[in-house]
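Q: Okay, handing you the structure first.
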Amino acid sequence: MNIIIFLLLIVISIGLIYVIHRYFGKHELYLLDIIYCILSFVLSFKLINIFGINVNLGIIFNSGIIMILYYFANRFGRADLRKLVIISIITAFSCAFLLLTVSLMSGSLYDENIILFKDLFYDNMLMVIMYPISLSISLLLSCYGFSELKKIDKKKKIKTMIVLIGIVFADVFLVTYFAYVVKFKYGKSLLISVDNYFVKAIILMFMYFALDKIMKIKKVKL
């Protein structure tokens with residue numbers, strides 16, 4: 001079941017980008033980016049096992065955010081790209097702040113939801129703190145890397161893949177390792193980070209080649 005849900009989320013992530021590219025425009029992509037930021041944050045607390053590999057579900061929509069940024073870098077100007085980065089960072093920090101605020105509230109005698117929020121925050125405190133920081137660094141690195149790639153003509157796909165792999169390294173080992181090092185031993189946390197690094201690299205490669213095909217498809221005006 002885990003693998004089915006995992007693959008379904010990947011298809012949904014890249015499929016929604018296709019739908020918006022095909023039928024909608026820039027403003028809908030801003031909205032999709034906000035949705036992906038929220039989903040990525042929420043799912044970052046969920047660790048699943050796929051064929052013995054520990055995978056953080058948040059990496060799927062996090063990859064979708066990077067692909068939206070890549071789309072913007074190749075289709076729109078620097079002002080729009082900068083705006084997208086700012087929106088993503090604000091959304092990530094807002095999610096962390098909202099979870100922190102709710103966890104500090106005192107619920108009524110029969111309110112179990114507040115208790116669940118408290119447990120979620122205190123059990124994943126480092127993840128809550130590190131996620132928006134990690135996403136901000138990834139977006140800034142992606143923004144710089146994609147902007148530089150626009151100046152390159154030779155072996156562009158290979159160089160784009162190298163940039164994506166570098167972004168994954170900075171993201172996974174910053175947030176995943178330090179987020180799980182408190183829960184698990186150092187060796188276990190490192191193993192989870194390595195698992196997520198390779199899985200996220202594969203997801204990004206798939207999304208990159210899929211997006212490359214999507215951007216060649218003509219838009220349809222509704």
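Convention: chains lettered A, B, ... in structure tokens order; per-chain residue numbering from 1; ligands numbered from 1 as shown.
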Extract, using only C-alpha atoms, all DNA, RNA and protein residues at most 8 Å from A:His21, discarding same-chain residues fewer than 4 positions from it, and format them as a CSV table (one decimal) with N, CA and C atoms, in the first residue's frame.

A:
```csv
chain,number,residue,atom,x,y,z
A,17,ILE,N,0.8,20.2,-12.2
A,17,ILE,CA,1.6,21.1,-12.9
A,17,ILE,C,1.3,21.1,-14.4
A,25,GLY,N,-2.7,29.6,-16.0
A,25,GLY,CA,-1.6,30.5,-16.1
A,25,GLY,C,-0.7,30.7,-14.9
A,214,ILE,N,6.4,18.5,-20.7
A,214,ILE,CA,5.2,19.3,-20.5
A,214,ILE,C,5.3,20.7,-21.0
A,215,MET,N,6.5,21.3,-20.8
A,215,MET,CA,6.7,22.7,-21.3
A,215,MET,C,6.6,22.8,-22.8
A,219,LYS,N,-0.4,25.4,-24.8
A,219,LYS,CA,-1.5,25.8,-23.9
A,219,LYS,C,-2.8,25.8,-24.6
```

Q: Write out as an mmCIF file with N, CA, C and O atoms, in the first residue's frame the residues lying within 12 Å of A:Phe146, counting only C-alpha atoms and excluding same-chain residues fewer than 3 positions away.

A:
```cif
data_model
loop_
_atom_site.group_PDB
_atom_site.id
_atom_site.type_symbol
_atom_site.label_atom_id
_atom_site.label_comp_id
_atom_site.auth_asym_id
_atom_site.auth_seq_id
_atom_site.Cartn_x
_atom_site.Cartn_y
_atom_site.Cartn_z
ATOM 1 N N ILE A 66 10.248 22.696 -6.287
ATOM 2 C CA ILE A 66 11.460 22.978 -7.064
ATOM 3 C C ILE A 66 11.157 22.963 -8.557
ATOM 4 O O ILE A 66 11.683 23.782 -9.318
ATOM 5 N N MET A 67 10.272 22.067 -8.990
ATOM 6 C CA MET A 67 9.920 22.011 -10.404
ATOM 7 C C MET A 67 9.097 23.225 -10.836
ATOM 8 O O MET A 67 9.239 23.711 -11.959
ATOM 9 N N ILE A 68 8.231 23.720 -9.955
ATOM 10 C CA ILE A 68 7.494 24.950 -10.258
ATOM 11 C C ILE A 68 8.477 26.109 -10.398
ATOM 12 O O ILE A 68 8.337 26.965 -11.278
ATOM 13 N N LEU A 69 9.479 26.129 -9.532
ATOM 14 C CA LEU A 69 10.515 27.160 -9.614
ATOM 15 C C LEU A 69 11.275 27.052 -10.931
ATOM 16 O O LEU A 69 11.582 28.070 -11.569
ATOM 17 N N TYR A 70 11.564 25.834 -11.347
ATOM 18 C CA TYR A 70 12.251 25.614 -12.637
ATOM 19 C C TYR A 70 11.381 26.113 -13.789
ATOM 20 O O TYR A 70 11.881 26.722 -14.739
ATOM 21 N N TYR A 71 10.092 25.856 -13.700
ATOM 22 C CA TYR A 71 9.144 26.315 -14.720
ATOM 23 C C TYR A 71 9.166 27.837 -14.809
ATOM 24 O O TYR A 71 9.242 28.418 -15.899
ATOM 25 N N PHE A 72 9.107 28.500 -13.656
ATOM 26 C CA PHE A 72 9.135 29.959 -13.611
ATOM 27 C C PHE A 72 10.442 30.501 -14.175
ATOM 28 O O PHE A 72 10.452 31.509 -14.886
ATOM 29 N N ALA A 73 11.556 29.857 -13.835
ATOM 30 C CA ALA A 73 12.871 30.320 -14.292
ATOM 31 C C ALA A 73 12.984 30.288 -15.811
ATOM 32 O O ALA A 73 13.688 31.107 -16.410
ATOM 33 N N ASN A 74 12.256 29.354 -16.432
ATOM 34 C CA ASN A 74 12.347 29.207 -17.886
ATOM 35 C C ASN A 74 11.219 29.889 -18.650
ATOM 36 O O ASN A 74 11.334 30.066 -19.864
ATOM 37 N N ARG A 75 10.162 30.292 -17.962
ATOM 38 C CA ARG A 75 9.018 30.871 -18.654
ATOM 39 C C ARG A 75 8.749 32.340 -18.310
ATOM 40 O O ARG A 75 8.148 33.051 -19.106
ATOM 41 N N ARG A 78 12.627 37.597 -13.902
ATOM 42 C CA ARG A 78 13.235 37.504 -12.580
ATOM 43 C C ARG A 78 12.298 37.989 -11.477
ATOM 44 O O ARG A 78 12.329 37.459 -10.361
ATOM 45 N N LEU A 81 10.010 35.212 -10.635
ATOM 46 C CA LEU A 81 10.774 34.168 -9.957
ATOM 47 C C LEU A 81 11.033 34.549 -8.503
ATOM 48 O O LEU A 81 10.872 33.728 -7.590
ATOM 49 N N SER A 138 17.066 25.771 -0.112
ATOM 50 C CA SER A 138 16.872 25.041 -1.379
ATOM 51 C C SER A 138 16.342 25.952 -2.479
ATOM 52 O O SER A 138 16.799 25.894 -3.625
ATOM 53 N N LEU A 139 15.387 26.816 -2.131
ATOM 54 C CA LEU A 139 14.802 27.722 -3.119
ATOM 55 C C LEU A 139 15.813 28.751 -3.609
ATOM 56 O O LEU A 139 15.875 29.048 -4.806
ATOM 57 N N LEU A 140 16.602 29.282 -2.689
ATOM 58 C CA LEU A 140 17.603 30.272 -3.074
ATOM 59 C C LEU A 140 18.682 29.641 -3.943
ATOM 60 O O LEU A 140 19.120 30.242 -4.939
ATOM 61 N N LEU A 141 19.111 28.428 -3.590
ATOM 62 C CA LEU A 141 20.094 27.714 -4.407
ATOM 63 C C LEU A 141 19.519 27.382 -5.780
ATOM 64 O O LEU A 141 20.194 27.529 -6.803
ATOM 65 N N SER A 142 18.251 26.938 -5.790
ATOM 66 C CA SER A 142 17.584 26.596 -7.053
ATOM 67 C C SER A 142 17.432 27.829 -7.933
ATOM 68 O O SER A 142 17.664 27.775 -9.152
ATOM 69 N N CYS A 143 17.035 28.934 -7.322
ATOM 70 C CA CYS A 143 16.846 30.186 -8.061
ATOM 71 C C CYS A 143 18.143 30.616 -8.737
ATOM 72 O O CYS A 143 18.158 30.972 -9.916
ATOM 73 N N LEU A 149 21.697 28.507 -15.424
ATOM 74 C CA LEU A 149 21.509 27.508 -16.483
ATOM 75 C C LEU A 149 20.899 28.123 -17.744
ATOM 76 O O LEU A 149 21.098 27.600 -18.852
ATOM 77 N N LYS A 150 20.163 29.212 -17.591
ATOM 78 C CA LYS A 150 19.560 29.880 -18.750
ATOM 79 C C LYS A 150 20.627 30.438 -19.688
ATOM 80 O O LYS A 150 20.382 30.640 -20.873
ATOM 81 N N LYS A 151 21.833 30.678 -19.159
ATOM 82 C CA LYS A 151 22.925 31.231 -19.967
ATOM 83 C C LYS A 151 23.701 30.145 -20.700
ATOM 84 O O LYS A 151 24.584 30.438 -21.493
ATOM 85 N N ILE A 152 23.387 28.885 -20.411
ATOM 86 C CA ILE A 152 24.144 27.754 -20.968
ATOM 87 C C ILE A 152 23.378 27.113 -22.114
ATOM 88 O O ILE A 152 22.160 26.928 -22.051
ATOM 89 N N LYS A 156 23.090 21.171 -21.597
ATOM 90 C CA LYS A 156 22.243 21.819 -20.598
ATOM 91 C C LYS A 156 21.525 20.814 -19.704
ATOM 92 O O LYS A 156 21.398 21.022 -18.492
ATOM 93 N N LYS A 157 21.047 19.702 -20.271
ATOM 94 C CA LYS A 157 20.319 18.721 -19.481
ATOM 95 C C LYS A 157 21.209 18.073 -18.430
ATOM 96 O O LYS A 157 20.798 17.876 -17.281
ATOM 97 N N LYS A 159 23.922 19.340 -17.090
ATOM 98 C CA LYS A 159 24.246 20.342 -16.076
ATOM 99 C C LYS A 159 23.053 20.638 -15.171
ATOM 100 O O LYS A 159 23.221 20.895 -13.976
ATOM 101 N N THR A 160 21.843 20.585 -15.744
ATOM 102 C CA THR A 160 20.645 20.765 -14.930
ATOM 103 C C THR A 160 20.500 19.631 -13.928
ATOM 104 O O THR A 160 20.158 19.861 -12.752
ATOM 105 N N MET A 161 20.783 18.408 -14.355
ATOM 106 C CA MET A 161 20.720 17.256 -13.460
ATOM 107 C C MET A 161 21.741 17.380 -12.331
ATOM 108 O O MET A 161 21.446 17.044 -11.177
ATOM 109 N N ILE A 162 22.914 17.881 -12.641
ATOM 110 C CA ILE A 162 23.949 18.074 -11.619
ATOM 111 C C ILE A 162 23.494 19.112 -10.591
ATOM 112 O O ILE A 162 23.688 18.940 -9.383
ATOM 113 N N VAL A 163 22.883 20.195 -11.094
ATOM 114 C CA VAL A 163 22.365 21.238 -10.194
ATOM 115 C C VAL A 163 21.290 20.661 -9.277
ATOM 116 O O VAL A 163 21.283 20.912 -8.066
ATOM 117 N N LEU A 164 20.396 19.869 -9.832
ATOM 118 C CA LEU A 164 19.313 19.269 -9.037
ATOM 119 C C LEU A 164 19.859 18.329 -7.970
ATOM 120 O O LEU A 164 19.387 18.321 -6.827
ATOM 121 N N ILE A 167 21.215 20.381 -5.174
ATOM 122 C CA ILE A 167 20.125 20.946 -4.368
ATOM 123 C C ILE A 167 19.572 19.895 -3.406
ATOM 124 O O ILE A 167 19.317 20.183 -2.236
#
```

Q: Suppose you want the space between atom CA of A:Leu32 and atom CA of A:Cys95; what is it in Å?

A: 15.6 Å

Q: Could you name the residues that touch A:Tyr18 at 12 Å or less, counting only C-alpha atoms, but leaving out those on the same chain fewer than 2 positions away, as a PyMOL selection string?

A: chain A and resi 11-16+20-25+28-29+32+64+67-68+71+207+210-220

Q: Produce a file of the selected residues containing C-alpha atoms, as a short mmCIF file (atom, residue, chain, number, x, y, z; two decimals), in the first residue's frame.

A:
```
data_model
loop_
_atom_site.label_atom_id
_atom_site.label_comp_id
_atom_site.auth_asym_id
_atom_site.auth_seq_id
_atom_site.Cartn_x
_atom_site.Cartn_y
_atom_site.Cartn_z
CA VAL A 11 1.75 11.42 -10.31
CA ILE A 12 -0.55 13.96 -8.63
CA SER A 13 2.37 16.33 -7.99
CA ILE A 14 3.57 16.44 -11.60
CA GLY A 15 0.04 15.99 -13.00
CA LEU A 16 -1.28 19.18 -11.41
CA ILE A 20 -2.14 24.26 -14.90
CA HIS A 21 0.40 24.59 -17.73
CA ARG A 22 -2.12 23.25 -20.21
CA TYR A 23 -5.24 25.13 -19.16
CA PHE A 24 -4.34 27.93 -16.77
CA GLY A 25 -1.58 30.46 -16.14
CA GLU A 28 -2.72 29.46 -10.67
CA LEU A 29 0.89 28.29 -10.40
CA LEU A 32 -0.33 25.54 -6.56
CA GLY A 64 7.13 19.70 -6.94
CA MET A 67 9.92 22.01 -10.40
CA ILE A 68 7.49 24.95 -10.26
CA TYR A 71 9.14 26.32 -14.72
CA MET A 207 9.87 15.25 -12.63
CA ALA A 210 8.41 15.01 -17.35
CA LEU A 211 8.34 18.81 -16.98
CA ASP A 212 10.67 19.18 -19.95
CA LYS A 213 8.06 17.38 -22.04
CA ILE A 214 5.17 19.29 -20.47
CA MET A 215 6.66 22.70 -21.30
CA LYS A 216 6.71 21.74 -24.99
CA ILE A 217 2.96 21.11 -24.98
CA LYS A 218 0.89 24.02 -26.29
CA LYS A 219 -1.47 25.75 -23.90
CA VAL A 220 -5.21 25.55 -24.34
#
```

Q: Determine which residues of stretch 1-185 of chain A DSSP labels as strand (DSSP E) from the backbone of this structure, then write them out as a PyMOL selection string.

A: chain A and resi 47-50+53-56

Q: Output N, CA, C and O atoms for every residue in that selection, as an mmCIF file, in the first residue's frame.

A:
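The new file out.cif reads:
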```
data_model
loop_
_atom_site.group_PDB
_atom_site.id
_atom_site.type_symbol
_atom_site.label_atom_id
_atom_site.label_comp_id
_atom_site.auth_asym_id
_atom_site.auth_seq_id
_atom_site.Cartn_x
_atom_site.Cartn_y
_atom_site.Cartn_z
ATOM 1 N N LEU A 47 7.018 9.370 8.012
ATOM 2 C CA LEU A 47 8.100 8.535 7.497
ATOM 3 C C LEU A 47 7.519 7.162 7.183
ATOM 4 O O LEU A 47 6.935 6.511 8.050
ATOM 5 N N ILE A 48 7.658 6.723 5.922
ATOM 6 C CA ILE A 48 7.127 5.417 5.524
ATOM 7 C C ILE A 48 8.269 4.518 5.064
ATOM 8 O O ILE A 48 9.371 4.987 4.759
ATOM 9 N N ASN A 49 7.989 3.219 5.024
ATOM 10 C CA ASN A 49 8.987 2.245 4.602
ATOM 11 C C ASN A 49 8.563 1.629 3.278
ATOM 12 O O ASN A 49 7.466 1.072 3.161
ATOM 13 N N ILE A 50 9.437 1.749 2.274
ATOM 14 C CA ILE A 50 9.168 1.180 0.952
ATOM 15 C C ILE A 50 10.315 0.247 0.593
ATOM 16 O O ILE A 50 11.445 0.694 0.351
ATOM 17 N N ILE A 53 13.357 0.825 2.526
ATOM 18 C CA ILE A 53 13.913 2.180 2.453
ATOM 19 C C ILE A 53 12.989 3.134 3.208
ATOM 20 O O ILE A 53 11.779 3.156 2.965
ATOM 21 N N ASN A 54 13.555 3.911 4.130
ATOM 22 C CA ASN A 54 12.773 4.882 4.897
ATOM 23 C C ASN A 54 12.644 6.180 4.109
ATOM 24 O O ASN A 54 13.652 6.817 3.779
ATOM 25 N N VAL A 55 11.401 6.545 3.797
ATOM 26 C CA VAL A 55 11.145 7.697 2.939
ATOM 27 C C VAL A 55 10.262 8.713 3.655
ATOM 28 O O VAL A 55 9.208 8.356 4.197
ATOM 29 N N ASN A 56 10.682 9.956 3.655
ATOM 30 C CA ASN A 56 9.877 11.053 4.179
ATOM 31 C C ASN A 56 8.929 11.507 3.067
ATOM 32 O O ASN A 56 9.379 11.930 1.993
#
```

Q: For atom CA of A:His27 and atom CA of A:Asp80, determine how far apart the two atoms are, in Å to one decimal place.

A: 10.2 Å

Q: Which of these residues is nearest to A:Ala201, using only C-alpha atoms: A:Ile60, A:Met130, A:Leu100, A:Ala92?

A: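 Comparing A:Ile60, A:Met130, A:Leu100, A:Ala92 against A:Ala201, the winner is A:Ile60.
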
Q: As an exercise, work out the distance from atom CA of A:Tyr131 to atom CA of A:Ser44 in Å and give it to one decimal place.

A: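 Straight-line distance from atom CA of A:Tyr131 to atom CA of A:Ser44 works out to 8.1 Å.
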
Q: Point out the residue among A:Val199, A:Leu135, A:Ala79, A:Val19 with the least atom-to-atom distance to A:Asn62, counting only C-alpha atoms.

A: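 Distance minimum relative to A:Asn62 lands on A:Leu135.
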